[in-house]
Amino acid sequence: MRRAAGWIMLVCLLALAPVAFGVERFPPPDFTDHKVPHLVVPGPETRGVGWIDVVVLSVGLLWASWLSLKGRSRRGVVVLSILSLLYFGFWRRGCVCAIGSIQNVALGLADPTYAVPLSVVALFTLPLVVALVWGRSFCSGVCPHGAIQDLVLVKPVKVPTWLDEVLRVLPWIHLAAGVLLAATGGMFLICKYDPFVGIFRMAGPRVMLVAGVAMLVLSMFVGRPYCRYLCPYGALLGVASRFARWRPTVTPGACTQCRLCETSCPFGALNPPQPVATARERVAGARRRLVLLVVLLPLAAWGFAWIGGRAALLSMPLHPQGKLAALVAAEARGEISPPLPDELLAFHQHGADLPAAMSSAMALEKRFLMLGRVIGGLFGLVIALKLARILFPEPTPDYETDSGRCVSCARCFSACPYELLRRGVPVAVPEKGGRNG
Amino acid sequence: MSKESDLSRRELLKTTIRGIGLLGFGGTGGYLVGRESQSETRWQIDADKCIQCGRCATDCVLEVSAVKCVHTHGMCGYCKLCTAYFEPEPVNLDEGAENQLCPTGAIARKFIEEPYYEYNILRDLCVGCGKCVKGCNMFGNGSMYLQVNHDLCINCNMCAIAVTCPAQAFRQLPASSPYKLRGKGEGGK
């Protein structure tokens, strides 16, 4: 009873006391023969892991490029994939990762006080640089996300071309949203909804694990679904590798268009020959292309800039400050009933500075709108160029790997009779014009 | 307009874009690395902002959170009735499990001299829920508070708790001094 009374008194006393943090309400005692322990904190254990990542990445990239361009070995790519999966996937637990590095770089460029770790910078730039020289070697066997999907692919189903083209827009939307939310310091969307880190860590929210397993099952029948239809970094690599100096070719020598390789690519990245036009057709084609681009590019950029701005404003509650602003506004309108959400509790506990919260929300809104418009405009350009590429494909006289989509997996090589001859397998080389021709 | 000139023009365009791309990626990387070398960072909690919502225990990507309670003994009142240790209405002021506030029994209570008791955090048991921190901040000296333990933290690109923290209490500190401790002269290695 006396204890309960003591409690109540204590509470009353403290309610009157000014609420401050770290205030000494009970002065620390002076002990005569007891030593007060000193607080010991553990330091970061491993410095220099970043350098190991950079070295492993560089070796992997060079090895993968050699395998797809010179070694021409699918077996080598499989070995490399397993090693990368073990290192970047299960050992580094999917973090650090090139796909997520986009967000660090976006935030690092937008906010000069945010430091991007060395290994993250390397993981962002090196695969892109390599893509400009040798194509998407990173995707083939260095990226753990690509490796895990590629290794489980047992029975690839061809995705209809129209569906493939439509789905290939998704990575750009993912990229746009990821960059917007990262550059404003809101959240790392791409990491949060990554399907595979849960598998790499063997732990995670249930949604993440279920999505990961579902994606793996899908990968058994659809070649690399994440790489093709979601991966934002793959979208960037695809653009870079369109300008690659050297790229994997199906045949090591001359192509006789025997069509044996036609179905060998599970990723829809093998282009059948496009007839090379006559001089007159080319001039007409170039003129049509020019007209289309002159009309379409500004229109698409402007239209998507508007959409991007609206979408950015809608996504503001995903940003912690945006969420707080929305909650504060809702509370002012009397729409919040107790218990208060944690965000509002924190807001009140720290003085509930309404004008400051509102002005920072306004600034945030301005930043979202501006960034949303810029990103939307760029997205529009991508869509317009995609359309132009579908309507006016590059002339390719032979069976060629699609420069943007080929992930250098080295599967198509062994379908080519010239490759088999090169490897010393005695095969009859079919004549030009097809299996029966 | 011959075929050769058309193709070579295409090649020239590609080479130009390739050059611009290489310069761009190289420049971006160099700029960011140059800045990073001056300021390697670690995530940490500003204890003055923390409201002990409990998300540190649940939102870390590690199975058991890298956030743990730390205790600056130099600020502690060594109270017999510690509101960080005891349930709001304890049956007895002793070490019985039914009296303890900590859900994992991660605080050890040791008698020093009448009426003083010392409280130590058993780090391996602590899950970072912050229940004790709430008790200590509300009625005590605030000598217990949450910190990211950097031998456990894998220093994610973007800390998963920082994103959901309702008080926006997570900060990036220089890796050379990655703790924000209370009390003067605390924080030996």
# chains A, B, ... in the order shown; residues from 1 in each chain; ligands from 1
>>> residues_around(residues="region 301-307 of chain A", least_positions_apart="2", cutoff="8 Å", atoms="only C-alpha atoms", output="count of residues only")
16
>>> residues_around(residues="region 176-186 of chain B", least_positions_apart="5", cutoff="10 Å", atoms="only C-alpha atoms", output="PyMOL selection string")
(chain A and resi 22+38-44) or (chain B and resi 39-48+70-75+142-150+171)
>>> residues_around(residues="region 84-91 of chain A", least_positions_apart="2", cutoff="12 Å", atoms="only C-alpha atoms", output="VMD selection string")
(chain A and resid 49 52 to 54 56 to 61 63 to 64 77 to 82 93 to 98 119 123 138 to 151 196 to 203) or (chain B and resid 154)
>>> interface_residues(of="chain A", to="chain B", cutoff="7 Å", atoms="only C-alpha atoms", output="PyMOL selection string")
chain A and resi 14+21-29+36-45+95+104+115-118+121+125+129+132+187-188+203-204+243+342-343+346
>>> residues_around(residues="region 418-430 of chain A", least_positions_apart="3", cutoff="8 Å", atoms="only C-alpha atoms", output="mmCIF file with N, CA, C and O atoms, in the first residue's frame")
data_model
loop_
_atom_site.group_PDB
_atom_site.id
_atom_site.type_symbol
_atom_site.label_atom_id
_atom_site.label_comp_id
_atom_site.auth_asym_id
_atom_site.auth_seq_id
_atom_site.Cartn_x
_atom_site.Cartn_y
_atom_site.Cartn_z
ATOM 1 N N THR A 251 27.696 -16.449 -83.785
ATOM 2 C CA THR A 251 28.634 -17.283 -84.523
ATOM 3 C C THR A 251 30.050 -16.726 -84.402
ATOM 4 O O THR A 251 30.237 -15.515 -84.376
ATOM 5 N N PRO A 252 31.028 -17.610 -84.313
ATOM 6 C CA PRO A 252 32.403 -17.114 -84.241
ATOM 7 C C PRO A 252 32.917 -16.687 -85.617
ATOM 8 O O PRO A 252 33.903 -15.977 -85.709
ATOM 9 N N GLY A 253 32.235 -17.139 -86.650
ATOM 10 C CA GLY A 253 32.705 -16.816 -87.992
ATOM 11 C C GLY A 253 31.608 -16.148 -88.804
ATOM 12 O O GLY A 253 31.014 -15.167 -88.376
ATOM 13 N N ALA A 254 31.336 -16.718 -89.991
ATOM 14 C CA ALA A 254 30.312 -16.149 -90.855
ATOM 15 C C ALA A 254 28.961 -16.781 -90.527
ATOM 16 O O ALA A 254 28.891 -17.942 -90.118
ATOM 17 N N THR A 256 25.453 -18.146 -91.859
ATOM 18 C CA THR A 256 24.829 -18.573 -93.112
ATOM 19 C C THR A 256 23.316 -18.586 -92.980
ATOM 20 O O THR A 256 22.611 -19.132 -93.813
ATOM 21 N N CYS A 258 21.355 -20.258 -90.996
ATOM 22 C CA CYS A 258 20.815 -21.618 -90.993
ATOM 23 C C CYS A 258 19.639 -21.744 -90.028
ATOM 24 O O CYS A 258 18.962 -22.751 -89.994
ATOM 25 N N PHE A 413 25.708 -19.852 -78.254
ATOM 26 C CA PHE A 413 26.910 -20.236 -78.994
ATOM 27 C C PHE A 413 26.843 -21.680 -79.491
ATOM 28 O O PHE A 413 27.111 -21.983 -80.652
ATOM 29 N N SER A 414 26.462 -22.575 -78.557
ATOM 30 C CA SER A 414 26.556 -23.994 -78.916
ATOM 31 C C SER A 414 25.467 -24.398 -79.905
ATOM 32 O O SER A 414 25.443 -25.537 -80.368
ATOM 33 N N ALA A 415 24.538 -23.480 -80.236
ATOM 34 C CA ALA A 415 23.534 -23.790 -81.255
ATOM 35 C C ALA A 415 24.088 -23.574 -82.651
ATOM 36 O O ALA A 415 23.509 -24.022 -83.638
ATOM 37 N N GLY A 434 18.295 -21.802 -94.429
ATOM 38 C CA GLY A 434 17.442 -22.552 -93.530
ATOM 39 C C GLY A 434 17.710 -24.034 -93.553
ATOM 40 O O GLY A 434 18.396 -24.560 -94.426
ATOM 41 N N ARG A 435 17.127 -24.691 -92.546
ATOM 42 C CA ARG A 435 17.376 -26.103 -92.310
ATOM 43 C C ARG A 435 17.026 -26.948 -93.533
ATOM 44 O O ARG A 435 17.679 -27.905 -93.849
#
>>> select_by_dssp(residues="region 45-187 of chain B", states="strand (DSSP E or B)", output="PyMOL selection string")
chain B and resi 45+67-71+86+100+107-113+116-121+144-148+170-174
>>> atom_distance(atom1="CA of Trp66 (chain A)", atom2="CA of Trp51 (chain A)")
22.7 Å
>>> select_by_dssp(residues="region 193-394 of chain A", states="alpha helix (DSSP H)", output="PyMOL selection string")
chain A and resi 197-201+206-219+225-229+232-242+279-314+320-332+342-349+354-391
>>> atom_distance(atom1="CA of Arg168 (chain A)", atom2="CA of Leu230 (chain A)")
7.7 Å
>>> atom_distance(atom1="CA of Lys366 (chain A)", atom2="CA of Ile336 (chain A)")
26.0 Å
